[in-house]
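Here's the structure we're looking at; comments come further down.
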Amino acid sequence: MNQERVKELLEEALQENESLFLIDLQFLANNKIKVIVDGDSGVPLSECVRISRNIEHNLDREEEDFALEVTTPDIAHPLQLKRQYVKNINRILKVKTAEEEFEGTLVSATDEEITLKWKAREPKPVGKGKHTVEKTATLTYGDIKEAKVKIIF
């Protein structure tokens, strides 16, 4: 399998739609090619088909047989690229660092860091009972071990 040719064809297909970006490209056993793409505002099925056809129609199955899968990341897939964080602003994320876990609404994502906000119940500074406080955490991408979008039904 000519991996460089597959990469060229994939890049060519992605350049036709600037809102799409590559998450992962895998060359698996038995000449299986797996492409995972995402988009700034989602990826319609028609785009997966277009990318698949661009690769498939420009490779010769007579020369070498292969299987091709073009898909989007599933909801359980952790965020990998900064561009995915930007896409998920205003969604609830579960973020793990080496020291602790956070769950909050992603309010910003820059080139260096993300900011999460959430509400927590804490003891009152004076007297009995608890009160609700708004908390904020700013995390650099290097500190994040895993971040997933939380699904709410």
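We label chains A, B, ... in the order they appear in the structure tokens, count residues from 1 in each chain, and number ligands from 1 in the order shown.
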- [ ] Skip Ala76 of chain A itself and residues of its chain fewer than 5 positions away, then list as a ChimeraX atom specification all residues within 9 Å of it, counting only C-alpha atoms.
- [x] /A:148-150
Only C-alpha atoms, please: the residues just picked out, written as a compact mmCIF listing (two decimals), in the first residue's frame.
```txt
# COMPACT_ATOMS: atom_id res chain seq x y z
CA LYS A 148 -14.39 14.24 26.57
CA VAL A 149 -17.67 15.92 25.77
CA LYS A 150 -20.31 14.92 28.31
```
Task: Polymer residues at most 12 Å from Val95 of chain A, only C-alpha atoms, same-chain spacing of 2 or more positions, as a ChimeraX atom specification - done: /A:78-79,85,92-93,97-106,114-117,137-141,143-150
Could those residues be written to a file, using N, CA and C atoms, as a short mmCIF file (atom, residue, chain, number, x, y, z; two decimals), in the first residue's frame?
```
data_model
loop_
_atom_site.label_atom_id
_atom_site.label_comp_id
_atom_site.auth_asym_id
_atom_site.auth_seq_id
_atom_site.Cartn_x
_atom_site.Cartn_y
_atom_site.Cartn_z
N PRO A 78 -11.90 10.79 22.96
CA PRO A 78 -11.42 12.02 23.60
C PRO A 78 -11.03 13.09 22.57
N LEU A 79 -11.12 14.34 22.97
CA LEU A 79 -10.70 15.44 22.11
C LEU A 79 -9.19 15.36 21.95
N TYR A 85 -11.56 21.60 20.55
CA TYR A 85 -11.98 22.34 21.74
C TYR A 85 -12.78 23.57 21.33
N ILE A 92 -20.46 20.85 27.89
CA ILE A 92 -19.88 20.37 29.14
C ILE A 92 -18.80 19.34 28.82
N LEU A 93 -17.61 19.55 29.41
CA LEU A 93 -16.50 18.63 29.22
C LEU A 93 -16.13 17.96 30.53
N THR A 97 -6.66 15.69 34.47
CA THR A 97 -5.25 16.08 34.50
C THR A 97 -4.53 15.04 35.35
N ALA A 98 -3.24 15.19 35.53
CA ALA A 98 -2.50 14.24 36.35
C ALA A 98 -2.97 14.28 37.81
N GLU A 99 -3.40 15.46 38.28
CA GLU A 99 -3.76 15.63 39.69
C GLU A 99 -5.25 15.47 39.98
N GLU A 100 -6.12 15.95 39.07
CA GLU A 100 -7.54 15.95 39.39
C GLU A 100 -8.41 15.89 38.14
N GLU A 101 -9.73 15.82 38.38
CA GLU A 101 -10.71 15.80 37.29
C GLU A 101 -11.62 17.01 37.43
N PHE A 102 -12.01 17.56 36.28
CA PHE A 102 -12.92 18.70 36.25
C PHE A 102 -14.10 18.35 35.36
N GLU A 103 -15.25 18.91 35.70
CA GLU A 103 -16.41 18.81 34.83
C GLU A 103 -17.08 20.16 34.82
N GLY A 104 -17.10 20.77 33.66
CA GLY A 104 -17.68 22.09 33.57
C GLY A 104 -17.92 22.50 32.13
N THR A 105 -18.52 23.66 31.96
CA THR A 105 -18.80 24.19 30.63
C THR A 105 -17.53 24.82 30.08
N LEU A 106 -17.19 24.44 28.87
CA LEU A 106 -16.02 25.02 28.19
C LEU A 106 -16.42 26.42 27.73
N ILE A 114 -7.49 26.18 27.89
CA ILE A 114 -8.95 26.18 27.90
C ILE A 114 -9.42 26.69 29.25
N THR A 115 -10.65 27.19 29.29
CA THR A 115 -11.24 27.64 30.55
C THR A 115 -12.58 26.95 30.73
N LEU A 116 -12.75 26.35 31.91
CA LEU A 116 -14.00 25.68 32.28
C LEU A 116 -14.65 26.45 33.41
N LYS A 117 -16.01 26.47 33.42
CA LYS A 117 -16.76 27.06 34.53
C LYS A 117 -17.81 26.07 34.97
N ALA A 137 -11.67 27.05 36.09
CA ALA A 137 -10.35 26.41 35.99
C ALA A 137 -9.80 26.71 34.60
N THR A 138 -8.56 27.17 34.58
CA THR A 138 -7.87 27.40 33.31
C THR A 138 -6.75 26.36 33.22
N LEU A 139 -6.80 25.56 32.17
CA LEU A 139 -5.85 24.46 32.00
C LEU A 139 -5.11 24.59 30.68
N THR A 140 -3.80 24.36 30.73
CA THR A 140 -3.04 24.35 29.48
C THR A 140 -3.23 22.98 28.82
N TYR A 141 -3.08 22.95 27.51
CA TYR A 141 -3.25 21.69 26.78
C TYR A 141 -2.26 20.63 27.27
N ASP A 143 -1.32 20.09 30.27
CA ASP A 143 -1.78 19.51 31.53
C ASP A 143 -2.92 18.51 31.34
N ILE A 144 -3.61 18.59 30.21
CA ILE A 144 -4.79 17.75 29.97
C ILE A 144 -4.35 16.35 29.54
N LYS A 145 -4.77 15.37 30.32
CA LYS A 145 -4.49 13.97 29.98
C LYS A 145 -5.60 13.42 29.08
N GLU A 146 -6.84 13.83 29.35
CA GLU A 146 -7.98 13.39 28.55
C GLU A 146 -9.13 14.37 28.72
N ALA A 147 -9.82 14.66 27.63
CA ALA A 147 -11.00 15.52 27.68
C ALA A 147 -12.07 14.92 26.77
N LYS A 148 -13.27 14.78 27.33
CA LYS A 148 -14.39 14.24 26.57
C LYS A 148 -15.60 15.14 26.74
N VAL A 149 -16.41 15.20 25.70
CA VAL A 149 -17.67 15.92 25.77
C VAL A 149 -18.65 15.06 26.54
N LYS A 150 -19.32 15.66 27.52
CA LYS A 150 -20.31 14.92 28.31
C LYS A 150 -21.65 14.93 27.57
#
```
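A straight line drawn from atom CA of Ala109 of chain A to atom CA of Val86 of chain A is 5.5 Å long.
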Which residues of segment 13-56 of chain A have any atom within 12 Å of an atom in segment 1-6 of chain A when counting only C-alpha atoms, and what is the closest pair of atoms for each, with the distance in Å to one decimal? Order the rows by chain and rising number and write it as JSON lines.
```
{"residue": "A:Ala13", "atom": "CA", "partner": "A:Val6", "partner_atom": "CA", "distance": 10.6}
{"residue": "A:Leu25", "atom": "CA", "partner": "A:Val6", "partner_atom": "CA", "distance": 9.5}
{"residue": "A:Gln26", "atom": "CA", "partner": "A:Gln3", "partner_atom": "CA", "distance": 9.7}
{"residue": "A:Phe27", "atom": "CA", "partner": "A:Gln3", "partner_atom": "CA", "distance": 7.8}
{"residue": "A:Leu28", "atom": "CA", "partner": "A:Met1", "partner_atom": "CA", "distance": 10.6}
{"residue": "A:Ala29", "atom": "CA", "partner": "A:Met1", "partner_atom": "CA", "distance": 10.8}
{"residue": "A:Asn30", "atom": "CA", "partner": "A:Met1", "partner_atom": "CA", "distance": 10.0}
{"residue": "A:Asn31", "atom": "CA", "partner": "A:Met1", "partner_atom": "CA", "distance": 6.8}
{"residue": "A:Lys32", "atom": "CA", "partner": "A:Met1", "partner_atom": "CA", "distance": 9.5}
{"residue": "A:Ile33", "atom": "CA", "partner": "A:Val6", "partner_atom": "CA", "distance": 8.9}
{"residue": "A:Lys34", "atom": "CA", "partner": "A:Val6", "partner_atom": "CA", "distance": 10.8}
{"residue": "A:Val35", "atom": "CA", "partner": "A:Val6", "partner_atom": "CA", "distance": 10.2}
{"residue": "A:Ile51", "atom": "CA", "partner": "A:Val6", "partner_atom": "CA", "distance": 11.1}
{"residue": "A:Ser52", "atom": "CA", "partner": "A:Val6", "partner_atom": "CA", "distance": 10.7}
{"residue": "A:Arg53", "atom": "CA", "partner": "A:Val6", "partner_atom": "CA", "distance": 11.8}
{"residue": "A:Asn54", "atom": "CA", "partner": "A:Val6", "partner_atom": "CA", "distance": 9.8}
{"residue": "A:Ile55", "atom": "CA", "partner": "A:Val6", "partner_atom": "CA", "distance": 6.5}
{"residue": "A:Glu56", "atom": "CA", "partner": "A:Val6", "partner_atom": "CA", "distance": 9.0}
```
Atoms to include: N, CA and C atoms. Write the selected residues as a tab-separated table (two decimals), in the first residue's frame.
```tsv
chain	number	residue	atom	x	y	z
A	13	ALA	N	-8.58	16.00	-0.71
A	13	ALA	CA	-10.01	15.98	-0.40
A	13	ALA	C	-10.35	16.96	0.72
A	25	LEU	N	-5.30	9.02	10.83
A	25	LEU	CA	-5.17	8.19	9.63
A	25	LEU	C	-4.39	6.96	10.04
A	26	GLN	N	-5.01	5.79	9.87
A	26	GLN	CA	-4.37	4.54	10.29
A	26	GLN	C	-4.29	3.58	9.12
A	27	PHE	N	-3.15	2.91	9.01
A	27	PHE	CA	-2.97	1.84	8.05
A	27	PHE	C	-2.91	0.56	8.87
A	28	LEU	N	-3.99	-0.23	8.79
A	28	LEU	CA	-4.12	-1.42	9.63
A	28	LEU	C	-3.78	-2.68	8.84
A	29	ALA	N	-3.84	-3.82	9.52
A	29	ALA	CA	-3.55	-5.10	8.88
A	29	ALA	C	-4.52	-5.36	7.73
A	30	ASN	N	-4.12	-6.21	6.83
A	30	ASN	CA	-4.94	-6.60	5.67
A	30	ASN	C	-5.29	-5.42	4.78
A	31	ASN	N	-4.39	-4.44	4.68
A	31	ASN	CA	-4.57	-3.27	3.82
A	31	ASN	C	-5.85	-2.49	4.13
A	32	LYS	N	-6.18	-2.38	5.40
A	32	LYS	CA	-7.34	-1.58	5.79
A	32	LYS	C	-6.86	-0.16	6.12
A	33	ILE	N	-7.54	0.81	5.55
A	33	ILE	CA	-7.22	2.22	5.78
A	33	ILE	C	-8.38	2.82	6.56
A	34	LYS	N	-8.07	3.44	7.70
A	34	LYS	CA	-9.11	4.07	8.51
A	34	LYS	C	-8.80	5.56	8.62
A	35	VAL	N	-9.75	6.38	8.21
A	35	VAL	CA	-9.62	7.84	8.23
A	35	VAL	C	-10.68	8.38	9.18
A	51	ILE	N	-14.87	12.23	0.51
A	51	ILE	CA	-13.47	11.94	0.85
A	51	ILE	C	-13.13	10.50	0.48
A	52	SER	N	-14.03	9.58	0.80
A	52	SER	CA	-13.82	8.17	0.49
A	52	SER	C	-13.65	7.98	-1.02
A	53	ARG	N	-14.51	8.58	-1.80
A	53	ARG	CA	-14.43	8.44	-3.25
A	53	ARG	C	-13.17	9.06	-3.82
A	54	ASN	N	-12.76	10.18	-3.26
A	54	ASN	CA	-11.53	10.82	-3.74
A	54	ASN	C	-10.33	9.90	-3.56
A	55	ILE	N	-10.29	9.20	-2.46
A	55	ILE	CA	-9.18	8.27	-2.21
A	55	ILE	C	-9.36	7.00	-3.05
A	56	GLU	N	-10.53	6.41	-2.94
A	56	GLU	CA	-10.79	5.12	-3.58
A	56	GLU	C	-10.67	5.17	-5.10
```
TODO: Write out as a PyMOL selection string the residues lying within 6 Å of segment 132-134 of chain A, counting only C-alpha atoms and excluding same-chain residues fewer than 3 positions away.
DONE: chain A and resi 118-121
